[in-house]
Structures are given as structure tokens and as C-alpha cells.
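What's in final-v7.txt: compact mmCIF, C-alpha atoms
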```
# COMPACT_ATOMS: atom_id res chain seq x y z
CA MET W 34 0.00 0.00 0.00
CA THR W 35 1.60 3.26 -1.06
CA PRO W 36 1.19 6.50 0.89
CA SER W 37 -0.75 8.08 -1.99
CA ASP W 38 -3.56 5.54 -1.48
CA SER W 39 -4.14 6.58 2.06
CA THR W 40 -3.68 10.23 1.18
CA ALA W 41 -6.66 10.14 -1.17
CA LEU W 42 -8.88 8.74 1.55
CA SER W 43 -7.37 11.08 4.09
CA VAL W 44 -7.94 14.13 1.89
CA THR W 45 -11.49 13.05 1.13
CA LEU W 46 -12.23 12.65 4.83
CA GLN W 47 -10.70 16.00 5.69
CA GLN W 48 -12.44 17.90 2.94
CA HIS W 49 -15.84 16.25 3.03
CA GLY W 50 -15.90 15.06 6.64
CA SER W 51 -19.16 16.75 7.53
CA ASP W 52 -20.90 15.54 4.33
CA ILE W 53 -19.79 11.99 4.99
CA LEU W 54 -20.96 12.21 8.61
CA GLU W 55 -24.39 13.47 7.54
CA ALA W 56 -24.73 10.75 4.93
CA TRP W 57 -23.53 8.07 7.35
CA VAL W 58 -25.91 9.12 10.12
CA ALA W 59 -28.78 9.28 7.62
CA ASP W 60 -27.88 5.79 6.39
CA GLN W 61 -27.83 4.44 9.92
CA LEU W 62 -31.12 6.10 10.86
CA SER W 63 -32.87 4.60 7.85
CA ALA W 64 -31.27 1.17 8.15
CA THR W 65 -33.33 -1.81 9.31
CA THR W 66 -30.69 -2.60 11.90
CA LEU W 67 -31.34 0.67 13.77
CA ARG W 68 -32.09 0.10 17.46
CA PRO W 69 -33.94 3.23 18.64
CA ASP W 70 -34.85 1.32 21.80
CA LEU W 71 -31.20 1.14 22.86
CA MET W 72 -29.71 4.40 21.62
CA THR W 73 -31.09 7.82 20.74
CA ALA W 74 -30.37 9.49 17.40
CA ALA W 75 -28.37 12.23 19.15
CA ASP W 76 -26.13 9.68 20.87
CA LEU W 77 -25.69 7.83 17.60
CA ARG W 78 -24.69 11.04 15.85
CA ALA W 79 -22.22 11.92 18.62
CA GLN W 80 -20.66 8.47 18.49
CA SER W 81 -20.42 8.59 14.68
CA ARG W 82 -18.79 12.01 14.77
CA GLU W 83 -16.28 10.86 17.40
CA PHE W 84 -15.30 7.80 15.39
CA LEU W 85 -15.02 9.73 12.13
CA ALA W 86 -12.83 12.38 13.80
CA ALA W 87 -10.53 9.72 15.28
CA LEU W 88 -10.33 7.94 11.91
CA THR W 89 -9.48 11.19 10.06
CA ASP W 90 -6.87 12.04 12.66
CA ALA W 91 -5.23 8.61 12.53
CA LEU W 92 -5.18 8.62 8.71
CA SER W 93 -3.58 12.04 8.50
CA ARG W 94 -0.95 11.27 11.16
CA SER W 95 -0.07 7.78 10.02
CA GLY W 96 1.14 7.15 6.48
CA SER W 97 -0.28 3.65 6.34
CA ARG W 98 -3.49 1.86 7.14
CA ASP W 99 -1.87 -0.68 9.42
CA THR W 100 -4.14 -0.42 12.44
CA GLU W 101 -1.54 -1.99 14.72
CA GLN W 102 0.66 1.14 14.42
CA PRO W 103 0.95 3.55 17.39
CA ALA W 104 -0.80 6.33 15.45
CA TRP W 105 -3.92 4.16 15.43
CA GLY W 106 -3.90 3.78 19.23
CA GLY W 107 -6.56 6.48 19.62
CA VAL W 108 -8.90 4.72 17.21
CA ARG W 109 -8.33 1.36 18.88
CA ASP W 110 -9.04 2.82 22.34
CA LEU W 111 -12.15 4.56 21.04
CA LEU W 112 -13.39 1.33 19.43
CA ARG W 113 -12.83 -0.53 22.69
CA SER W 114 -14.82 2.02 24.67
CA ILE W 115 -17.57 2.13 22.03
CA SER W 116 -17.74 -1.65 22.08
CA GLU W 117 -17.93 -1.76 25.87
CA ALA W 118 -20.51 1.02 26.04
CA ARG W 119 -22.65 -0.62 23.36
CA GLY W 120 -22.24 -4.01 25.01
CA GLY W 121 -23.51 -2.51 28.26
CA MET W 122 -26.53 -1.02 26.44
CA GLY W 123 -27.47 -4.42 25.07
CA PHE W 124 -26.09 -4.29 21.53
CA THR W 125 -24.83 -7.58 20.13
CA PRO W 126 -21.23 -7.70 18.81
CA THR W 127 -22.68 -8.02 15.30
CA GLU W 128 -24.62 -4.78 15.68
CA THR W 129 -21.53 -2.97 16.95
CA ALA W 130 -19.50 -4.26 14.01
CA THR W 131 -22.31 -3.25 11.64
CA PHE W 132 -22.04 0.29 13.03
CA ILE W 133 -18.46 0.49 11.72
CA LEU W 134 -19.19 -1.36 8.47
CA SER W 135 -22.12 0.92 7.65
CA LEU W 136 -19.64 3.74 7.10
CA LYS W 137 -18.59 2.03 3.88
CA GLU W 138 -21.62 3.04 1.87
CA SER W 139 -21.38 6.80 2.40
CA LEU W 140 -17.59 6.69 2.07
CA PHE W 141 -17.82 4.80 -1.25
CA ARG W 142 -20.31 7.27 -2.62
CA LYS W 143 -18.08 10.21 -1.71
CA LEU W 144 -14.99 8.53 -3.16
CA ARG W 145 -16.82 7.79 -6.39
CA SER W 146 -17.58 11.46 -6.83
CA THR W 147 -14.05 12.63 -5.95
CA VAL W 148 -11.91 9.98 -7.71
CA SER W 149 -12.55 9.88 -11.43
CA ASP W 150 -10.00 7.27 -12.61
CA PRO W 151 -11.76 3.84 -12.44
CA GLY W 152 -8.51 1.97 -11.69
CA ARG W 153 -7.67 4.23 -8.79
CA LEU W 154 -11.22 4.15 -7.54
CA ALA W 155 -11.12 0.35 -7.35
CA ASP W 156 -7.84 0.47 -5.38
CA GLU W 157 -9.28 3.14 -3.12
CA LEU W 158 -12.43 1.13 -2.40
CA TRP W 159 -10.43 -1.99 -1.69
CA GLY W 160 -8.27 -0.07 0.76
CA VAL W 161 -11.30 1.36 2.57
CA THR W 162 -12.95 -2.06 2.73
CA THR W 163 -9.96 -3.81 4.32
CA LEU W 164 -9.45 -0.92 6.74
CA LEU W 165 -13.06 -0.84 7.93
CA ASP W 166 -13.25 -4.63 8.11
CA ARG W 167 -10.22 -4.66 10.37
CA LEU W 168 -11.68 -1.94 12.57
CA ALA W 169 -14.99 -3.79 12.80
CA LEU W 170 -13.14 -6.93 13.85
CA HIS W 171 -11.49 -4.84 16.53
CA THR W 172 -14.86 -4.09 18.08
CA VAL W 173 -15.78 -7.78 18.03
CA GLU W 174 -12.51 -8.68 19.70
CA ALA W 175 -12.98 -5.96 22.29
CA SER W 176 -16.43 -7.23 23.19
CA ILE W 177 -15.11 -10.79 23.51
CA GLU W 178 -12.32 -9.51 25.76
CA ALA W 179 -14.80 -7.61 27.92
CA ARG W 180 -16.91 -10.73 28.22
CA GLU W 181 -13.95 -12.89 29.18
CA ARG W 182 -12.93 -10.40 31.85
CA LEU W 183 -16.47 -10.53 33.19
CA ILE W 184 -16.44 -14.33 33.30
CA ALA W 185 -13.09 -14.39 35.09
CA ARG W 186 -14.30 -11.89 37.65
CA GLN W 187 -17.50 -13.81 38.23
CA GLN W 188 -15.54 -17.01 38.71
CA GLN W 189 -13.39 -15.28 41.28
CA ASP W 190 -16.45 -13.83 43.00
CA MET W 191 -18.11 -17.20 43.09
CA MET W 192 -15.01 -18.79 44.58
CA GLU W 193 -14.93 -16.22 47.36
CA LEU W 194 -18.67 -16.07 47.92
CA SER W 195 -19.07 -19.76 48.18
CA THR W 196 -16.63 -20.38 51.00
CA PRO W 197 -17.86 -18.49 54.04
CA VAL W 198 -16.88 -19.98 57.36
CA VAL W 199 -19.29 -18.80 60.04
CA LYS W 200 -19.04 -19.05 63.79
CA LEU W 201 -22.15 -20.56 65.33
CA TRP W 202 -21.08 -20.67 68.94
CA ASP W 203 -17.94 -20.57 71.02
CA GLY W 204 -15.84 -23.33 69.57
CA ILE W 205 -18.30 -24.27 66.83
CA LEU W 206 -17.78 -23.31 63.20
CA ALA W 207 -20.06 -23.97 60.25
CA LEU W 208 -19.16 -24.13 56.59
CA PRO W 209 -22.27 -23.95 54.41
CA MET W 210 -21.14 -25.29 51.04
CA ILE W 211 -22.92 -23.93 47.98
CA GLY W 212 -22.34 -25.26 44.48
CA THR W 213 -20.33 -28.03 42.99
CA LEU W 214 -17.22 -29.21 44.77
CA ASP W 215 -14.40 -29.74 42.30
CA SER W 216 -10.67 -30.07 42.57
CA ALA W 217 -10.22 -26.31 42.03
CA ARG W 218 -12.59 -25.28 44.81
CA THR W 219 -11.92 -27.92 47.39
CA PRO W 220 -8.41 -26.75 48.37
CA VAL W 221 -9.75 -23.20 48.80
CA VAL W 222 -12.62 -24.42 50.95
CA MET W 223 -10.36 -26.74 52.91
CA GLU W 224 -7.76 -24.07 53.62
CA ALA W 225 -10.40 -21.50 54.60
CA LEU W 226 -11.92 -23.95 57.07
CA LEU W 227 -8.61 -25.11 58.56
CA GLN W 228 -7.34 -21.55 58.89
CA ARG W 229 -10.49 -20.53 60.71
CA ILE W 230 -10.12 -23.50 63.02
CA VAL W 231 -6.64 -22.27 63.93
CA ASP W 232 -7.78 -18.65 64.28
CA THR W 233 -10.78 -19.35 66.46
CA GLY W 234 -9.60 -22.46 68.26
CA ALA W 235 -12.84 -24.19 67.35
CA GLU W 236 -13.31 -27.75 68.52
CA VAL W 237 -16.15 -28.68 66.20
CA ALA W 238 -16.68 -27.77 62.57
CA ILE W 239 -19.95 -28.49 60.78
CA ILE W 240 -19.79 -28.90 57.01
CA ASP W 241 -23.26 -28.36 55.61
CA ILE W 242 -23.74 -29.75 52.10
CA THR W 243 -27.38 -28.73 51.62
CA GLY W 244 -26.28 -26.51 48.72
CA VAL W 245 -24.19 -29.13 46.98
CA PRO W 246 -26.30 -30.37 44.08
CA THR W 247 -24.68 -33.74 43.53
CA VAL W 248 -22.26 -35.94 45.37
CA ASP W 249 -20.09 -38.31 43.41
CA THR W 250 -17.08 -40.33 44.51
CA LEU W 251 -14.76 -37.38 43.85
CA VAL W 252 -16.82 -35.00 45.98
CA ALA W 253 -17.05 -37.59 48.72
CA GLN W 254 -13.30 -38.05 48.53
CA HIS W 255 -12.82 -34.29 48.91
CA LEU W 256 -15.15 -34.23 51.92
CA ILE W 257 -13.31 -37.11 53.56
CA LYS W 258 -10.00 -35.33 53.00
CA THR W 259 -11.28 -32.14 54.58
CA VAL W 260 -12.66 -33.98 57.59
CA THR W 261 -9.42 -35.93 58.01
CA ALA W 262 -7.30 -32.79 57.81
CA ALA W 263 -9.48 -31.10 60.43
CA ARG W 264 -9.17 -34.15 62.65
CA LEU W 265 -5.37 -34.06 62.31
CA MET W 266 -5.46 -30.54 63.66
CA GLY W 267 -7.56 -31.61 66.59
CA ALA W 268 -11.04 -30.52 65.54
CA ASP W 269 -14.08 -32.72 65.05
CA CYS W 270 -16.09 -32.47 61.88
CA ILE W 271 -19.76 -33.16 61.38
CA ILE W 272 -21.27 -33.35 57.91
CA SER W 273 -24.86 -32.17 57.74
CA GLY W 274 -27.51 -31.43 55.17
CA ILE W 275 -27.43 -34.79 53.48
CA ARG W 276 -30.58 -35.14 51.43
CA PRO W 277 -32.23 -38.57 51.02
CA GLN W 278 -31.19 -38.83 47.37
CA ILE W 279 -27.60 -38.01 48.26
CA ALA W 280 -27.62 -40.55 51.07
CA ALA W 281 -28.79 -43.13 48.52
CA THR W 282 -26.08 -42.05 46.07
CA ILE W 283 -23.38 -42.32 48.72
CA VAL W 284 -24.45 -45.84 49.64
CA HIS W 285 -24.77 -46.93 46.00
CA LEU W 286 -21.31 -45.59 45.24
CA GLY W 287 -19.92 -47.58 48.13
CA VAL W 288 -18.34 -44.53 49.75
CA ASP W 289 -17.40 -45.26 53.34
CA LEU W 290 -18.44 -42.40 55.60
CA ALA W 291 -18.55 -44.64 58.66
CA ASP W 292 -15.81 -42.77 60.51
CA ILE W 293 -17.45 -39.41 59.96
CA ALA W 294 -20.34 -38.05 61.98
CA THR W 295 -23.22 -37.24 59.66
CA LYS W 296 -26.53 -35.56 60.36
CA ALA W 297 -29.55 -34.89 58.19
CA THR W 298 -29.92 -31.22 59.07
CA LEU W 299 -27.74 -28.40 60.26
CA ALA W 300 -29.92 -28.12 63.39
CA ASP W 301 -29.16 -31.73 64.37
CA ALA W 302 -25.47 -31.17 63.73
CA PHE W 303 -25.51 -28.01 65.83
CA ARG W 304 -27.17 -29.83 68.71
CA MET W 305 -24.55 -32.56 68.48
CA ALA W 306 -21.75 -29.99 68.35
CA LEU W 307 -23.13 -28.24 71.44
CA ALA W 308 -23.26 -31.54 73.28
CA ARG W 309 -19.63 -32.24 72.36
CA THR W 310 -18.46 -28.87 73.61
CA GLY W 311 -20.37 -29.30 76.86
CA TYR W 312 -23.48 -27.23 76.25
CA SER W 313 -27.05 -28.35 76.17
CA LEU W 314 -30.15 -26.80 74.72
CA GLY W 315 -33.54 -26.58 76.35
CA PRO W 316 -36.57 -24.30 76.48
CA THR W 317 -36.22 -21.35 78.85
CA ARG W 318 -39.88 -21.77 79.85
CA LEU W 319 -42.61 -24.24 79.16
CA PRO W 320 -44.56 -23.58 75.97
CA ALA W 321 -47.96 -21.96 76.45
CA ARG W 322 -50.84 -24.37 76.33
CA MET E 148 20.93 -29.09 67.84
CA ASP E 149 20.98 -32.79 67.26
CA ARG E 150 18.21 -33.94 69.53
CA ILE E 151 14.85 -32.75 70.66
CA PRO E 152 14.37 -32.25 74.42
CA ILE E 153 11.83 -34.42 76.17
CA LEU E 154 10.37 -32.82 79.28
CA LYS E 155 8.79 -34.80 82.07
CA MET E 156 5.72 -33.29 83.71
CA GLY E 157 4.31 -35.61 86.33
CA GLU E 158 3.19 -38.72 84.54
CA PHE E 159 3.33 -37.05 81.14
CA LEU E 160 6.15 -36.49 78.72
CA LEU E 161 6.17 -33.27 76.76
CA VAL E 162 7.90 -32.92 73.41
CA THR E 163 7.82 -29.59 71.60
CA ILE E 164 9.32 -29.59 68.16
CA GLN E 165 10.70 -26.12 67.50
CA VAL E 166 13.01 -26.80 64.59
CA ASP E 167 12.55 -28.19 61.12
CA MET E 168 12.61 -31.94 61.26
CA HIS E 169 14.96 -34.07 59.27
CA ASP E 170 15.11 -37.81 59.06
CA ARG E 171 17.88 -38.45 61.56
CA LEU E 172 16.37 -36.07 64.09
CA VAL E 173 12.98 -37.75 63.99
CA LEU E 174 14.55 -41.20 64.33
CA GLN E 175 16.57 -39.94 67.28
CA LEU E 176 13.36 -38.60 68.82
CA GLN E 177 11.68 -41.95 68.30
CA SER E 178 14.38 -43.90 70.14
CA ASP E 179 14.78 -41.26 72.88
CA LEU E 180 11.07 -41.08 73.50
CA THR E 181 10.40 -44.81 73.65
CA GLU E 182 13.36 -45.20 75.96
CA ARG E 183 12.09 -42.40 78.23
CA ILE E 184 8.56 -43.84 78.32
CA ALA E 185 9.89 -47.19 79.41
CA ARG E 186 12.22 -45.67 82.02
CA THR E 187 9.78 -43.18 83.56
CA ASN E 188 6.58 -45.20 83.23
CA ALA E 189 4.96 -42.21 81.58
CA ARG E 190 1.23 -42.59 81.01
CA GLY E 191 0.87 -39.93 78.37
CA VAL E 192 2.94 -38.26 75.67
CA LEU E 193 2.17 -34.87 74.21
CA ILE E 194 3.92 -33.90 70.98
CA ASP E 195 3.48 -30.28 70.02
CA ILE E 196 4.20 -29.61 66.34
CA SER E 197 2.79 -26.10 66.11
CA ALA E 198 6.13 -24.74 64.92
CA LEU E 199 6.49 -27.42 62.27
CA GLU E 200 5.73 -25.97 58.87
CA MET E 201 6.78 -28.78 56.60
CA VAL E 202 6.42 -32.53 56.76
CA ASP E 203 7.26 -35.26 54.33
CA SER E 204 5.92 -38.78 54.21
CA PHE E 205 8.80 -40.12 56.31
CA ILE E 206 8.27 -37.69 59.18
CA GLY E 207 4.51 -38.20 59.05
CA ARG E 208 4.97 -41.95 59.12
CA THR E 209 7.46 -41.74 61.99
CA ILE E 210 5.13 -39.58 64.07
CA ALA E 211 2.45 -42.23 63.55
CA ASN E 212 5.00 -44.89 64.52
CA ILE E 213 5.98 -43.05 67.68
CA ALA E 214 2.33 -42.89 68.70
CA GLY E 215 1.94 -46.60 67.98
CA MET E 216 5.02 -47.50 70.01
CA ALA E 217 3.91 -45.29 72.88
CA ARG E 218 0.56 -47.06 72.89
CA VAL E 219 2.25 -50.43 73.12
CA LEU E 220 4.17 -49.04 76.09
CA ASP E 221 0.83 -48.02 77.62
CA ALA E 222 1.18 -44.30 77.10
CA GLN E 223 -1.49 -42.28 75.30
CA THR E 224 -0.16 -39.95 72.65
CA VAL E 225 -1.65 -36.63 71.64
CA VAL E 226 -0.31 -34.58 68.73
CA THR E 227 -1.16 -30.90 69.10
CA GLY E 228 -1.06 -27.71 67.10
CA MET E 229 -0.77 -29.11 63.61
CA GLN E 230 -0.74 -26.33 61.02
CA PRO E 231 -3.35 -26.39 58.22
CA ALA E 232 -0.70 -26.77 55.53
CA VAL E 233 0.82 -29.73 57.35
CA ALA E 234 -2.60 -31.34 57.81
CA ILE E 235 -3.40 -30.93 54.12
CA THR E 236 -0.03 -32.37 53.14
CA LEU E 237 -0.48 -35.42 55.33
CA VAL E 238 -3.97 -36.03 53.96
CA GLU E 239 -2.72 -35.71 50.39
CA LEU E 240 0.07 -38.15 51.23
CA GLY E 241 -2.57 -40.56 52.48
CA LEU E 242 -1.30 -40.44 56.07
CA THR E 243 -4.38 -40.04 58.20
CA LEU E 244 -2.53 -40.91 61.44
CA SER E 245 -5.45 -43.07 62.50
CA GLY E 246 -5.01 -44.02 66.11
CA VAL E 247 -3.22 -40.80 66.95
CA ARG E 248 -5.21 -38.35 69.01
CA THR E 249 -5.02 -34.70 68.12
CA ALA E 250 -5.78 -31.40 69.80
CA LEU E 251 -5.68 -27.79 68.70
CA ASN E 252 -3.15 -26.59 71.26
CA VAL E 253 -1.06 -27.80 74.20
CA GLU E 254 -3.65 -26.77 76.76
CA ARG E 255 -6.40 -28.77 75.09
CA GLY E 256 -3.98 -31.63 74.54
CA MET E 257 -3.17 -31.80 78.23
CA ALA E 258 -6.88 -31.74 79.11
CA LEU E 259 -7.45 -34.53 76.61
CA LEU E 260 -4.63 -36.63 78.07
CA ARG E 261 -6.02 -36.22 81.59
CA ALA E 262 -9.50 -37.14 80.42
CA LEU E 263 -8.13 -40.20 78.63
CA LEU E 264 -6.30 -41.38 81.73
CA ASP E 265 -9.33 -40.78 83.94
CA ASP E 266 -11.43 -42.85 81.57
CA ALA E 267 -8.83 -45.56 81.27
CA ALA E 268 -8.06 -45.84 84.98
CA PRO E 269 -10.86 -48.14 86.22
CA VAL E 270 -10.67 -50.47 83.26
CA VAL E 271 -9.06 -53.78 84.03
CA GLU E 272 -7.51 -55.19 80.92
CA GLY E 273 -7.50 -58.91 81.38
CA SER E 274 -5.77 -59.73 78.13
CA ARG E 275 -2.51 -58.00 78.97
CA SER E 276 0.52 -60.22 78.68
CA ALA E 277 3.13 -60.58 81.38
CA SER E 278 5.76 -58.86 79.31
CA ASP E 279 4.67 -55.32 80.18
CA ASP E 280 7.33 -54.83 82.78
CA GLY E 281 7.44 -51.10 82.04
CA ASP E 282 4.18 -50.82 83.90
CA ASP E 283 5.27 -51.29 87.48
CA GLY E 284 4.52 -47.79 88.64
CA ARG E 285 1.04 -47.80 87.24
CA GLN E 286 -1.53 -46.22 89.50
CA GLY E 287 -5.17 -47.30 89.79
```
Once you've parsed the file, please lay out its structure as C-alpha cells.
Amino acid sequence: MTPSDSTALSVTLQQHGSDILEAWVADQLSATTLRPDLMTAADLRAQSREFLAALTDALSRSGSRDTEQPAWGGVRDLLRSISEARGGMGFTPTETATFILSLKESLFRKLRSTVSDPGRLADELWGVTTLLDRLALHTVEASIEARERLIARQQQDMMELSTPVVKLWDGILALPMIGTLDSARTPVVMEALLQRIVDTGAEVAIIDITGVPTVDTLVAQHLIKTVTAARLMGADCIISGIRPQIAATIVHLGVDLADIATKATLADAFRMALARTGYSLGPTRLPAR
Amino acid sequence: MDRIPILKMGEFLLVTIQVDMHDRLVLQLQSDLTERIARTNARGVLIDISALEMVDSFIGRTIANIAGMARVLDAQTVVTGMQPAVAITLVELGLTLSGVRTALNVERGMALLRALLDDAAPVVEGSRSASDDGDDGRQG
């Protein structure tokens, strides 16, 4: 690509920038892909003007159309923010890319009227097409990136949210497990529990698995490991919240939980834990008749 | 430091491990401790490993062995103050130290030892062989 190619586009944009913007906005407003429910015409016009200005600036400062060059940094940043903003408003990545690609039509029309030589016009159009395609792909990539960041953050949040260790009583801790236990989560859960046992000097820890959807041999293995590690440190573990189906699964799988105290509900486990630490529960007065 | 001190407190022996263990040290501890149990007729052994930050399978196994030997010599063993990382390592190594009693700290360990001895005192074990000559000073 020779500098003269980009100069023609650059000159066209500089000289007829406002015409192109008007035509582009008009195209977008009349297109079937317009989403008036998500974005007002004024916002659309502002966004179009911003992108066109950045594009003109990058073209005039950089000799080439290689969008990876530093001079294109402003355009890339703008596309990323447009993509994120539009993603937040509910636009699909396709619609965001279409926003960039829709510039082609008005740009082609303007170029056709300014470049008379057919050979040069074809080269010019080809250059514009590849440039805008690349920029549109940028927006798609940016929206994928944003989504991946979101997923990673949610995973992290879930990991932290799902391992609260709560103190029920002096010397009694409870760990209500929510979600699937896998080999990534179990060490986190196990360490959180053991650390809290050290910190609080708890004698009994209740692991409540009411929120664990399924128990397979691997999950059972993880539970046994956690209980054994707690026992090595000198704390007793009780597993509670075992639903009838899960009890059946455990027996069918042949998992041996014989050495581990198990209770059907957290309340039963709590009563047992109180008994072990030397407390007992009873009504403070007789119930009214 | 080439051996770990063993302190006698009444009828208990107290071992606090304050340095990183290596194989020879733990074997030395094993022979010292069994010898001391036999000589002093100790009824309970408390091993505090709260300062121990790393274990390997050999040390884990030897601690289990020490507890087993102490039991044969009629002394209850309590391991106290195990760090979470150590506990996880032992579990991952498959060493569950079954038969070893554990407590969170020395204070609880001592209380546990006393409770164990109180429970064990009235029991008459008829199946004991005549070879337990280390048991002469046994009370109750």
C-alpha cells in the first residue's frame, strides 16, 4: 500500500468530513438494523462524529493503514470504549461491528464522486474495505475480551462467595457449602476452614452440604480429606444437610463415611456440636398451652 | 541441635518440636522417647508440632509410629497444634494418622490426656501379657 492511497482517503475525509458524517448518520437512521430502543439518534450522531474524527486524525498522522501502528492507538481505544458502552446497552457484537461497516456506503459514494479514474477508484475502495473490516473486527474482539474479563471476575467472586466460614457458637464453626465441589474449589474451601479452626480455636466444625447439588465419589473423597485434615489438627467435623437422594447415592457408590459423623440437618449437627463442647439446649420456659 | 528435648511433667512427657525436622532427628526422637517412656513409666505423651511448617511422608509416618510404640508401652499420645498446611499435606500423602489423638493446642492436649487417663483408669484389661514390665509404677 503506497502512501498516496491513504492520502486520497485522508484528503477526502478532511475535505468532506461533515458531508460523509451526515450521509452516514442518515444511512444508519434509515437502516433496518437501527435500534432506537437502545440508543437515541443524538447519541448515535455523537458516536459517529467521534469515530469519524478519530479515523481522520489517525489517517492524517499515520502514512499507512496498518491499524496496529501507534498512530492508530486512539482509534483502537475509542473502538474498545464504544464496544464496551454498546455491550452494556445491550447491543450484540454483530450490531456494533455493523455500526463500523455501515460507514462504507457513504464513504464509497463520496470517493466515487471525488476519484474519477476507475482503476484508482477500485484500489481506493479496496483499501477502505480492508481498513473498515479490520476496525470492525477490533470491536468484536474488544467485546469478547470484555466478556472474558467478566467471566473471570465472576468465577473469582463465586469462589470467594461460596466459602464463608461462620461461627455458630464458642468453639463451633459452620461451613455452608454452595455449588459443585471440584478439585479447584476444594483446596480453597479446605484451607479456609482449617485456617479458621486455627484462628478461632474451634473444637467442632460443621460442614453443611445442603447446597451441593450432587455428590459423586470425587466430591465424597474431597469431603473425607477435609474432615481428616481437620481431625489431624484436633477438631471434630460433622457433615450435615445430606438429602435422602444423596444418602442413597453415597451408599450406592460404596463410599465409606462410617468414621465421619453425619446428620440430616444443620440443626441436628448443631445440637450434636453443642453436646460435644459441653453445652445443652432446652426451652427457657414451658410452651404456652 | 541434634536432639529434641523431652520434658517430664508428672506422669506425662512433653515434646515440643521447635526446629525443622529431618530424618535423623525424627529417628533420634523416636528412640529417645520410647526409651524415656519405658524408664519413667509415663502414662501420656504430648507432641506439640505447632512450629512445624513442613512434613514429608517419612516424618509423618514416623510420628504415627511413635504414637503406635507409645501405645504399646501403655502411654497415650496426643499430637497438638498441627498447622493447616501440614494437615493438608499429610492427607494428600494418604497419612491419616489413625489411632493418633489430636488437639488444637497444648492446653487442650493436656486436658485430653487427663480425660483419657481418667477414663482408662478403672478399666481392668484382662488380656494384657506378662511382658509389660514397664508398667510397674502404674496407678489405679
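You can rank E:Asn212, E:Gln165, E:Thr181, E:Asn188 by their closest distance to E:Val247 using only C-alpha atoms, and at the top of that list sits E:Asn212.
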| Hey, what's within 12 Å of W:Arg142 if we count all atoms listed in the file and toss same-chain stuff fewer than 2 positions away? As an NGL selection string, please? | :W and (45 or 49 or 52-53 or 56-57 or 60 or 136-140 or 144-148 or 154 or 157-158 or 161)
Within 10 Å of chain W, which residues of chain E come that close, and what is the closest atom pair and distance in Å for each? Count only C-alpha atoms and give it as JSON lines.
```
{"residue": "E:Ser197", "atom": "CA", "partner": "W:Met266", "partner_atom": "CA", "distance": 9.7}
{"residue": "E:Val225", "atom": "CA", "partner": "W:Gly267", "partner_atom": "CA", "distance": 9.3}
{"residue": "E:Val226", "atom": "CA", "partner": "W:Gly267", "partner_atom": "CA", "distance": 8.1}
{"residue": "E:Thr227", "atom": "CA", "partner": "W:Gly267", "partner_atom": "CA", "distance": 6.9}
{"residue": "E:Gly228", "atom": "CA", "partner": "W:Met266", "partner_atom": "CA", "distance": 6.3}
{"residue": "E:Met229", "atom": "CA", "partner": "W:Met266", "partner_atom": "CA", "distance": 4.9}
{"residue": "E:Gln230", "atom": "CA", "partner": "W:Met266", "partner_atom": "CA", "distance": 6.9}
{"residue": "E:Pro231", "atom": "CA", "partner": "W:Leu227", "partner_atom": "CA", "distance": 5.4}
{"residue": "E:Ala232", "atom": "CA", "partner": "W:Glu224", "partner_atom": "CA", "distance": 7.8}
{"residue": "E:Val233", "atom": "CA", "partner": "W:Ala262", "partner_atom": "CA", "distance": 8.7}
{"residue": "E:Ala234", "atom": "CA", "partner": "W:Ala262", "partner_atom": "CA", "distance": 4.9}
{"residue": "E:Ile235", "atom": "CA", "partner": "W:Ala262", "partner_atom": "CA", "distance": 5.7}
{"residue": "E:Thr236", "atom": "CA", "partner": "W:Ala262", "partner_atom": "CA", "distance": 8.7}
{"residue": "E:Leu237", "atom": "CA", "partner": "W:Ala262", "partner_atom": "CA", "distance": 7.7}
{"residue": "E:Val238", "atom": "CA", "partner": "W:Ala262", "partner_atom": "CA", "distance": 6.0}
{"residue": "E:Glu239", "atom": "CA", "partner": "W:Lys258", "partner_atom": "CA", "distance": 7.7}
{"residue": "E:Gly241", "atom": "CA", "partner": "W:Lys258", "partner_atom": "CA", "distance": 9.1}
{"residue": "E:Leu242", "atom": "CA", "partner": "W:Thr261", "partner_atom": "CA", "distance": 9.5}
{"residue": "E:Thr243", "atom": "CA", "partner": "W:Thr261", "partner_atom": "CA", "distance": 6.5}
{"residue": "E:Leu244", "atom": "CA", "partner": "W:Leu265", "partner_atom": "CA", "distance": 7.5}
{"residue": "E:Ser245", "atom": "CA", "partner": "W:Leu265", "partner_atom": "CA", "distance": 9.0}
{"residue": "E:Val247", "atom": "CA", "partner": "W:Leu265", "partner_atom": "CA", "distance": 8.5}
{"residue": "E:Arg248", "atom": "CA", "partner": "W:Gly267", "partner_atom": "CA", "distance": 7.5}
{"residue": "E:Thr249", "atom": "CA", "partner": "W:Gly267", "partner_atom": "CA", "distance": 4.3}
{"residue": "E:Ala250", "atom": "CA", "partner": "W:Gly267", "partner_atom": "CA", "distance": 3.7}
{"residue": "E:Leu251", "atom": "CA", "partner": "W:Gly267", "partner_atom": "CA", "distance": 4.8}
{"residue": "E:Asn252", "atom": "CA", "partner": "W:Gly267", "partner_atom": "CA", "distance": 8.2}
{"residue": "E:Arg255", "atom": "CA", "partner": "W:Gly267", "partner_atom": "CA", "distance": 9.0}
{"residue": "E:Gly256", "atom": "CA", "partner": "W:Gly267", "partner_atom": "CA", "distance": 8.7}
```
| task | For atom CA of W:Thr250 and atom CA of W:Val288, determine how far apart the two atoms are, in Å to one decimal place. | result | 6.8 Å
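Atom CA of W:Ile133 is found 5.6 Å from atom CA of W:Ala169.
Between atom CA of W:Ala294 and atom CA of W:Ile239 lies a distance of 9.6 Å.
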| task | List the residues sitting within 12 Å of (-4.5, 8.1, 12.3) in the file's frame, using all atoms listed in the file, as a ChimeraX atom specification. | result | /W:39-40,42-43,46,84-109,164
| message | Need to verify the contact set: stretch 148-152 of chain E, 9 Å, only C-alpha atoms, exclusion of same-chain residues closer than 2 positions in sequence. Can you return it as a list in words? | response | Leu154, Leu161, Val162, Thr163, Ile164, Gln165, Val166, Arg171, Leu172, Val173, Gln175, Leu176 and Asp179 of chain E
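Restricting the calculation to only C-alpha atoms, the smallest distance between E:Gly207 and any of E:Ala185, E:Ile153, E:Val253, E:Met168 is found for E:Met168.
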| query | Pick from W:Gln254, W:Leu77, W:Leu134, W:Thr129: nearest to W:Ser216, with all atoms listed in the file counted? | reply | W:Gln254
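When all atoms listed in the file are used to compute distances to E:Ile196, the closest of the residues E:Asp167, E:Met216, E:Glu182, E:Ala258 turns out to be E:Asp167.
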